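Pasting start_11.cif here (mmCIF, C-alpha atoms):
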```cif
data_query
#
loop_
_atom_site.label_atom_id
_atom_site.label_comp_id
_atom_site.auth_asym_id
_atom_site.auth_seq_id
_atom_site.Cartn_x
_atom_site.Cartn_y
_atom_site.Cartn_z
CA MET A 1 115.85 85.18 78.75
CA ASP A 2 113.70 86.83 81.42
CA ARG A 3 115.47 87.83 84.60
CA PRO A 4 114.07 86.41 87.87
CA VAL A 5 111.79 88.63 89.91
CA PRO A 6 113.65 90.06 92.94
CA THR A 7 112.48 88.81 96.33
CA ILE A 8 112.11 91.30 99.18
CA LEU A 9 112.03 90.12 102.78
CA ILE A 10 110.11 92.38 105.19
CA VAL A 11 111.01 91.90 108.87
CA ASP A 12 108.73 93.92 111.15
CA ASP A 13 106.68 93.03 114.23
CA ASP A 14 103.86 95.38 113.10
CA ALA A 15 101.43 93.17 111.14
CA GLU A 16 99.75 96.17 109.49
CA ILE A 17 103.05 97.50 108.13
CA ARG A 18 104.00 94.03 106.86
CA GLN A 19 100.65 93.76 105.07
CA LEU A 20 100.62 97.27 103.57
CA VAL A 21 104.26 97.26 102.46
CA GLY A 22 103.99 93.68 101.20
CA ASP A 23 100.84 94.36 99.16
CA PHE A 24 102.34 97.53 97.70
CA LEU A 25 105.60 95.87 96.63
CA SER A 26 103.70 92.89 95.23
CA ARG A 27 101.66 95.24 93.07
CA GLU A 28 104.92 96.74 91.83
CA GLY A 29 106.04 93.34 90.55
CA TYR A 30 108.26 92.05 93.36
CA ALA A 31 108.09 88.74 95.17
CA VAL A 32 107.57 89.30 98.90
CA GLU A 33 108.31 87.31 102.05
CA THR A 34 107.37 88.59 105.52
CA ALA A 35 108.59 87.79 109.03
CA GLU A 36 107.35 89.12 112.38
CA ASP A 37 110.66 88.60 114.22
CA ALA A 38 114.23 87.35 113.92
CA ARG A 39 113.23 83.72 114.40
CA ALA A 40 110.76 83.81 111.51
CA MET A 41 113.38 85.63 109.42
CA ASP A 42 115.90 82.83 110.05
CA GLU A 43 113.37 80.25 108.89
CA ILE A 44 112.93 82.11 105.61
CA LEU A 45 116.68 82.58 105.10
CA ARG A 46 117.20 78.85 105.51
CA ARG A 47 115.01 78.09 102.50
CA ARG A 48 115.65 81.01 100.16
CA GLU A 49 117.99 83.91 99.49
CA PRO A 50 116.13 87.24 99.16
CA ASP A 51 117.53 90.08 97.09
CA LEU A 52 116.82 92.78 99.68
CA MET A 53 115.69 93.01 103.30
CA ILE A 54 113.48 95.71 104.82
CA LEU A 55 114.29 95.55 108.53
CA ASP A 56 112.53 97.30 111.43
CA LEU A 57 114.88 98.71 114.04
CA MET A 58 112.65 98.21 117.08
CA MET A 59 111.45 94.62 117.48
CA PRO A 60 110.79 92.43 120.51
CA GLY A 61 113.42 89.79 121.22
CA GLU A 62 116.41 90.30 118.93
CA ASP A 63 116.28 93.91 117.75
CA GLY A 64 117.08 95.28 114.31
CA LEU A 65 120.63 96.29 115.16
CA SER A 66 121.51 92.78 116.30
CA VAL A 67 119.81 91.25 113.26
CA CYS A 68 121.64 93.64 110.94
CA ARG A 69 125.02 92.75 112.45
CA ARG A 70 124.34 89.03 112.25
CA VAL A 71 123.00 89.04 108.68
CA ARG A 72 125.75 91.30 107.40
CA ALA A 73 128.40 88.96 108.82
CA THR A 74 127.31 86.14 106.49
CA ARG A 75 125.50 87.74 103.53
CA PRO A 76 125.96 90.67 101.13
CA LEU A 77 122.17 91.14 101.26
CA PRO A 78 121.15 94.84 100.88
CA ILE A 79 119.39 96.05 104.03
CA LEU A 80 116.94 98.97 104.24
CA MET A 81 116.34 99.82 107.90
CA LEU A 82 113.05 101.31 109.15
CA THR A 83 113.45 103.69 112.08
CA ALA A 84 111.49 106.19 114.15
CA LYS A 85 112.26 109.92 114.07
CA SER A 86 113.89 109.80 117.51
CA ASP A 87 116.35 107.03 116.61
CA GLU A 88 119.11 109.16 115.06
CA THR A 89 121.87 107.52 117.11
CA ASP A 90 120.60 104.05 116.28
CA ARG A 91 120.40 104.98 112.59
CA VAL A 92 124.07 105.89 112.64
CA VAL A 93 124.91 102.65 114.45
CA GLY A 94 122.80 100.70 111.97
CA LEU A 95 124.66 102.18 109.02
CA GLU A 96 127.98 101.44 110.73
CA LEU A 97 126.87 97.82 111.26
CA GLY A 98 126.19 97.40 107.56
CA ALA A 99 122.70 98.70 106.76
CA ASP A 100 122.71 100.18 103.27
CA ASP A 101 120.02 102.81 103.80
CA TYR A 102 117.30 103.82 106.24
CA LEU A 103 113.78 105.17 106.04
CA VAL A 104 112.07 107.11 108.81
CA LYS A 105 108.52 106.18 109.85
CA PRO A 106 105.94 107.19 108.79
CA PHE A 107 106.97 107.03 105.14
CA GLY A 108 105.19 107.23 101.80
CA PRO A 109 105.01 104.21 99.50
CA ARG A 110 106.67 106.03 96.61
CA GLU A 111 109.66 106.97 98.74
CA LEU A 112 109.95 103.35 99.87
CA LEU A 113 109.79 102.15 96.26
CA ALA A 114 112.49 104.62 95.19
CA ARG A 115 114.84 103.39 97.94
CA VAL A 116 114.16 99.74 97.13
CA ARG A 117 114.87 100.29 93.43
CA ALA A 118 118.05 102.22 94.19
CA LEU A 119 119.39 99.47 96.47
CA LEU A 120 118.58 96.76 93.93
CA ARG A 121 120.30 98.75 91.18
CA ARG A 122 123.41 99.07 93.33
CA ALA A 123 123.40 95.36 94.11
CA SER A 124 122.89 94.25 90.49
CA PRO A 125 125.00 95.08 87.43
CA GLN A 126 121.77 95.51 85.46
CA PRO A 127 118.64 97.25 86.71
CA PHE A 128 115.61 95.10 87.35
CA GLN A 129 112.90 95.43 84.73
CA PRO A 130 109.51 94.71 86.30
CA PRO A 131 107.44 92.11 84.48
CA SER A 132 104.67 93.19 82.16
CA ARG A 133 101.65 94.58 83.97
CA ARG A 134 99.25 94.08 81.07
CA PHE A 135 96.42 91.68 81.80
CA ALA A 136 93.87 90.25 79.37
CA PHE A 137 90.38 89.06 80.30
CA ASP A 138 87.22 88.58 78.26
CA ARG A 139 87.52 91.20 75.46
CA PHE A 140 89.69 93.55 77.51
CA VAL A 141 93.34 94.34 78.13
CA ALA A 142 94.16 96.32 81.29
CA ASP A 143 97.54 98.08 81.36
CA LEU A 144 98.22 98.79 85.03
CA ASP A 145 101.25 100.97 84.34
CA ALA A 146 99.60 103.11 81.66
CA ARG A 147 96.35 102.97 83.68
CA GLN A 148 94.33 102.19 80.55
CA LEU A 149 91.61 99.69 79.73
CA GLU A 150 91.23 98.66 76.11
CA ALA A 151 88.30 96.73 74.68
CA GLU A 152 88.71 94.83 71.43
CA PRO A 153 87.94 96.02 68.82
CA ASP A 154 86.42 99.26 70.15
CA GLY A 155 89.49 100.90 71.72
CA LEU A 156 89.97 102.59 75.07
CA VAL A 157 87.30 102.45 77.76
CA PRO A 158 87.31 105.71 79.75
CA LEU A 159 87.66 105.03 83.48
CA THR A 160 88.01 107.40 86.41
CA SER A 161 90.97 106.98 88.75
CA GLY A 162 88.78 105.27 91.34
CA GLU A 163 87.25 102.92 88.78
CA PHE A 164 90.70 101.91 87.54
CA GLU A 165 91.96 101.25 91.08
CA LEU A 166 88.95 99.00 91.61
CA LEU A 167 89.55 97.21 88.31
CA SER A 168 93.19 96.64 89.31
CA CYS A 169 92.04 94.91 92.51
CA PHE A 170 89.92 92.47 90.49
CA VAL A 171 92.50 91.89 87.74
CA LEU A 172 95.24 91.04 90.24
CA ARG A 173 92.92 88.68 92.15
CA PRO A 174 90.63 87.05 89.57
CA ARG A 175 88.01 84.50 90.60
CA ARG A 176 88.49 85.47 94.25
CA VAL A 177 85.74 86.90 96.43
CA LEU A 178 86.91 90.32 97.61
CA SER A 179 85.14 91.85 100.60
CA ARG A 180 84.28 95.53 100.72
CA ASP A 181 86.78 95.98 103.57
CA GLN A 182 89.57 94.38 101.53
CA ILE A 183 88.84 96.57 98.52
CA LEU A 184 88.70 99.69 100.69
CA ASP A 185 92.04 98.80 102.26
CA TRP A 186 93.71 98.16 98.88
CA THR A 187 92.32 101.31 97.27
CA HIS A 188 92.24 103.74 100.20
CA GLY A 189 94.75 102.30 102.69
CA ARG A 190 94.78 103.83 106.17
CA THR A 191 92.21 106.47 105.17
CA ALA A 192 89.50 103.87 104.62
CA ASP A 193 86.21 104.42 106.45
CA PRO A 194 84.41 101.14 107.25
CA PHE A 195 81.07 102.84 106.53
CA ASP A 196 82.23 104.24 103.18
CA ARG A 197 79.87 103.19 100.35
CA THR A 198 82.39 104.23 97.67
CA VAL A 199 83.11 100.61 96.76
CA ASP A 200 79.47 99.84 95.98
CA LEU A 201 79.14 102.94 93.81
CA LEU A 202 82.39 102.21 91.97
CA VAL A 203 81.40 98.59 91.34
CA SER A 204 78.08 99.73 89.88
CA ARG A 205 79.79 102.24 87.56
CA LEU A 206 82.53 99.81 86.51
CA ARG A 207 79.96 97.11 85.77
CA ARG A 208 78.03 99.45 83.49
CA LYS A 209 81.15 100.33 81.51
CA LEU A 210 82.30 96.72 81.16
CA ASP A 211 78.82 95.56 80.17
CA ALA A 212 78.55 98.35 77.60
CA ALA A 213 81.77 97.17 75.92
CA SER A 214 80.99 93.44 76.34
CA PRO A 215 77.21 93.00 76.59
CA GLY A 216 75.98 90.07 78.64
CA SER A 217 79.44 89.20 79.98
CA ASN A 218 78.48 89.71 83.66
CA LEU A 219 82.15 90.02 84.59
CA ILE A 220 81.65 91.21 88.18
CA ASN A 221 79.31 89.22 90.42
CA THR A 222 77.97 90.13 93.83
CA VAL A 223 78.49 87.37 96.41
CA ARG A 224 75.89 87.61 99.16
CA ASN A 225 77.50 88.37 102.56
CA GLY A 226 80.87 88.05 100.85
CA GLY A 227 81.70 90.87 98.48
CA TYR A 228 82.47 90.98 94.77
CA LEU A 229 84.08 88.57 92.32
CA LEU A 230 85.68 88.87 88.87
CA THR A 231 84.23 85.77 87.21
CA VAL A 232 86.63 85.22 84.30
CA PRO A 233 90.27 84.07 84.14
CA VAL A 234 93.01 86.66 83.67
CA ARG A 235 96.29 86.15 81.85
CA GLN A 236 99.41 88.30 81.73
CA VAL A 237 100.34 89.55 78.25
CA THR A 238 103.28 91.42 76.76
#
```

Represent the supplied structure as structure tokens.
Amino acid sequence: MDRPVPTILIVDDDAEIRQLVGDFLSREGYAVETAEDARAMDEILRRREPDLMILDLMMPGEDGLSVCRRVRATRPLPILMLTAKSDETDRVVGLELGADDYLVKPFGPRELLARVRALLRRASPQPFQPPSRRFAFDRFVADLDARQLEAEPDGLVPLTSGEFELLSCFVLRPRRVLSRDQILDWTHGRTADPFDRTVDLLVSRLRRKLDAASPGSNLINTVRNGGYLLTVPVRQVT
């Protein structure tokens, strides 16, 4: 029987951090809930029990230390606290109040993922196995972990790193119009340049490779004044 996907609650007043961290953890196979303050967090906790909380130390209203103390008094929920470099004293206090670990801003996504996985392993007798990240569409199977695209019956389709990142955006959001800005954000993050034409070039190259393996499929459409769209359904496979 498949184990349920762990839910991670992100509590941070910075909307950009909530979005970036949430999107990253979602791509890694976790369910994500976000809250901008303690009040929104309480609303979420009333309707579901997350498996881990990522909690910002500095928030307007009730701060992270107070939230940590209150949550720890009623729940064994693992807490990863986000702090600034100058908050050494508060980090110590946070750990004393029950936080399980802390991460100093700015942080890299891989470091965040390693801490999240470690806390979930400690909280669970068995480590979480992420769900399959193999997705089938048209004549293709995209393996997001192996970073490979296979066309049946021809075999692997060679893609550059940028082309595969773009394909991943479409596969995870099929039949949705994705704007250039959204794609830039998901593939380049904070380094994205709004005038960057990389997306258009990558779409053109990816189209050619998909069309070569599946002639006439027209898998990626251009939506005028909107962006780009993967036109076919996608299903998760083992």

Resolved residues for the PyMOL selection byres ((chain A and resi 141) around 12) as a ChimeraX atom specification: /A:133-140,142-144,146-157,167-168,171,210,234-238

Ser204 (chain A) environment, 12 Å, all atoms listed in the file, sequence neighbours closer than 2 positions dropped, as a count of residues only: 21

For the structure shown, which residues end up in the PyMOL selection byres ((chain A and resi 72) around 12)? Put them as an mmCIF file with C-alpha atoms, in the frame of the given file, please?
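Final output, part-v2.cif:
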```
data_model
loop_
_atom_site.group_PDB
_atom_site.id
_atom_site.type_symbol
_atom_site.label_atom_id
_atom_site.label_comp_id
_atom_site.auth_asym_id
_atom_site.auth_seq_id
_atom_site.Cartn_x
_atom_site.Cartn_y
_atom_site.Cartn_z
ATOM 1 C CA LEU A 52 116.820 92.780 99.680
ATOM 2 C CA MET A 53 115.690 93.010 103.300
ATOM 3 C CA GLY A 64 117.080 95.280 114.310
ATOM 4 C CA LEU A 65 120.630 96.290 115.160
ATOM 5 C CA SER A 66 121.510 92.780 116.300
ATOM 6 C CA VAL A 67 119.810 91.250 113.260
ATOM 7 C CA CYS A 68 121.640 93.640 110.940
ATOM 8 C CA ARG A 69 125.020 92.750 112.450
ATOM 9 C CA ARG A 70 124.340 89.030 112.250
ATOM 10 C CA VAL A 71 123.000 89.040 108.680
ATOM 11 C CA ALA A 73 128.400 88.960 108.820
ATOM 12 C CA THR A 74 127.310 86.140 106.490
ATOM 13 C CA ARG A 75 125.500 87.740 103.530
ATOM 14 C CA PRO A 76 125.960 90.670 101.130
ATOM 15 C CA LEU A 77 122.170 91.140 101.260
ATOM 16 C CA PRO A 78 121.150 94.840 100.880
ATOM 17 C CA ILE A 79 119.390 96.050 104.030
ATOM 18 C CA GLY A 94 122.800 100.700 111.970
ATOM 19 C CA LEU A 95 124.660 102.180 109.020
ATOM 20 C CA GLU A 96 127.980 101.440 110.730
ATOM 21 C CA LEU A 97 126.870 97.820 111.260
ATOM 22 C CA GLY A 98 126.190 97.400 107.560
ATOM 23 C CA ALA A 99 122.700 98.700 106.760
ATOM 24 C CA ASP A 100 122.710 100.180 103.270
#
```

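Our summary of the geometry notes that CA of Val92 (chain A) is positioned 20.8 Å from CA of Ile10 (chain A).
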
Point-to-point distance in Å for CA of Glu165 (chain A) and CA of Glu33 (chain A): 24.1 Å

Using all atoms listed in the file: which of A:Val5, A:Val32, A:Ala84, A:Leu178 has the shortest distance to Ile54 (chain A): A:Val32

For region 15-23 of chain A: contacts at 10 Å, all atoms listed in the file, fewer than 3 positions along chain excluded, given as a ChimeraX atom specification: /A:8-12,26-28,30-36,54,109,112-113,185-186,189-190

Same residues, C-alpha atoms, saved as a PDB file, in the frame of the given file:
```
ATOM      1  CA  ILE A   8     112.110  91.300  99.180  1.00  0.00           C
ATOM      2  CA  LEU A   9     112.030  90.120 102.780  1.00  0.00           C
ATOM      3  CA  ILE A  10     110.110  92.380 105.190  1.00  0.00           C
ATOM      4  CA  VAL A  11     111.010  91.900 108.870  1.00  0.00           C
ATOM      5  CA  ASP A  12     108.730  93.920 111.150  1.00  0.00           C
ATOM      6  CA  SER A  26     103.700  92.890  95.230  1.00  0.00           C
ATOM      7  CA  ARG A  27     101.660  95.240  93.070  1.00  0.00           C
ATOM      8  CA  GLU A  28     104.920  96.740  91.830  1.00  0.00           C
ATOM      9  CA  TYR A  30     108.260  92.050  93.360  1.00  0.00           C
ATOM     10  CA  ALA A  31     108.090  88.740  95.170  1.00  0.00           C
ATOM     11  CA  VAL A  32     107.570  89.300  98.900  1.00  0.00           C
ATOM     12  CA  GLU A  33     108.310  87.310 102.050  1.00  0.00           C
ATOM     13  CA  THR A  34     107.370  88.590 105.520  1.00  0.00           C
ATOM     14  CA  ALA A  35     108.590  87.790 109.030  1.00  0.00           C
ATOM     15  CA  GLU A  36     107.350  89.120 112.380  1.00  0.00           C
ATOM     16  CA  ILE A  54     113.480  95.710 104.820  1.00  0.00           C
ATOM     17  CA  PRO A 109     105.010 104.210  99.500  1.00  0.00           C
ATOM     18  CA  LEU A 112     109.950 103.350  99.870  1.00  0.00           C
ATOM     19  CA  LEU A 113     109.790 102.150  96.260  1.00  0.00           C
ATOM     20  CA  ASP A 185      92.040  98.800 102.260  1.00  0.00           C
ATOM     21  CA  TRP A 186      93.710  98.160  98.880  1.00  0.00           C
ATOM     22  CA  GLY A 189      94.750 102.300 102.690  1.00  0.00           C
ATOM     23  CA  ARG A 190      94.780 103.830 106.170  1.00  0.00           C
TER      24      ARG A 190
END
```

Do a neighbour search on Leu82 (chain A) at 6 Å with all atoms listed in the file, toss out local chain neighbours closer than 5 positions, and write the hits as a JSON list (two decimals) with C-alpha atoms, in the frame of the given file.
```
[["chain", "number", "residue", "atom", "x", "y", "z"],
["A", 55, "LEU", "CA", 114.29, 95.55, 108.53],
["A", 56, "ASP", "CA", 112.53, 97.30, 111.43],
["A", 57, "LEU", "CA", 114.88, 98.71, 114.04],
["A", 102, "TYR", "CA", 117.30, 103.82, 106.24],
["A", 103, "LEU", "CA", 113.78, 105.17, 106.04],
["A", 104, "VAL", "CA", 112.07, 107.11, 108.81]]
```

Atom-to-atom span, CA of Asp42 (chain A) and CA of Ala114 (chain A), Å: 26.6 Å

Output check: residues returned by the PyMOL selection byres ((chain A and resi 225) around 12), as a count of residues only: 10

Final N, CA and C atoms of region 21-43 of chain A as a compact mmCIF listing (two decimals), keeping the file's coordinate frame:
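Writing done, so here's rebuild-v7.txt:
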```
# COMPACT_ATOMS: atom_id res chain seq x y z
N VAL A 21 103.03 97.20 103.26
CA VAL A 21 104.26 97.26 102.46
C VAL A 21 104.34 96.05 101.52
N GLY A 22 103.96 94.88 102.03
CA GLY A 22 103.99 93.68 101.20
C GLY A 22 103.05 93.77 100.02
N ASP A 23 101.81 94.23 100.26
CA ASP A 23 100.84 94.36 99.16
C ASP A 23 101.32 95.38 98.12
N PHE A 24 101.88 96.49 98.62
CA PHE A 24 102.34 97.53 97.70
C PHE A 24 103.48 97.02 96.81
N LEU A 25 104.48 96.36 97.42
CA LEU A 25 105.60 95.87 96.63
C LEU A 25 105.19 94.74 95.69
N SER A 26 104.22 93.93 96.12
CA SER A 26 103.70 92.89 95.23
C SER A 26 103.05 93.50 94.00
N ARG A 27 102.29 94.57 94.20
CA ARG A 27 101.66 95.24 93.07
C ARG A 27 102.69 95.85 92.12
N GLU A 28 103.86 96.17 92.65
CA GLU A 28 104.92 96.74 91.83
C GLU A 28 105.74 95.66 91.12
N GLY A 29 105.39 94.41 91.30
CA GLY A 29 106.04 93.34 90.55
C GLY A 29 107.09 92.55 91.28
N TYR A 30 107.26 92.77 92.59
CA TYR A 30 108.26 92.05 93.36
C TYR A 30 107.65 90.84 94.06
N ALA A 31 108.48 89.84 94.29
CA ALA A 31 108.09 88.74 95.17
C ALA A 31 108.36 89.16 96.60
N VAL A 32 107.48 88.81 97.52
CA VAL A 32 107.57 89.30 98.90
C VAL A 32 107.50 88.14 99.88
N GLU A 33 108.38 88.19 100.88
CA GLU A 33 108.31 87.31 102.05
C GLU A 33 108.23 88.21 103.27
N THR A 34 107.49 87.78 104.31
CA THR A 34 107.37 88.59 105.52
C THR A 34 107.70 87.77 106.76
N ALA A 35 108.26 88.44 107.76
CA ALA A 35 108.59 87.79 109.03
C ALA A 35 108.30 88.76 110.16
N GLU A 36 107.71 88.25 111.25
CA GLU A 36 107.35 89.12 112.38
C GLU A 36 108.49 89.30 113.37
N ASP A 37 109.53 88.47 113.29
CA ASP A 37 110.66 88.60 114.22
C ASP A 37 111.88 87.89 113.64
N ALA A 38 112.98 87.92 114.41
CA ALA A 38 114.23 87.35 113.92
C ALA A 38 114.12 85.84 113.70
N ARG A 39 113.37 85.17 114.55
CA ARG A 39 113.23 83.72 114.40
C ARG A 39 112.56 83.36 113.09
N ALA A 40 111.46 84.06 112.77
CA ALA A 40 110.76 83.81 111.51
C ALA A 40 111.65 84.18 110.32
N MET A 41 112.44 85.24 110.47
CA MET A 41 113.38 85.63 109.42
C MET A 41 114.38 84.51 109.15
N ASP A 42 114.92 83.91 110.21
CA ASP A 42 115.90 82.83 110.05
C ASP A 42 115.30 81.65 109.31
N GLU A 43 114.03 81.35 109.58
CA GLU A 43 113.37 80.25 108.89
C GLU A 43 113.31 80.52 107.38
```
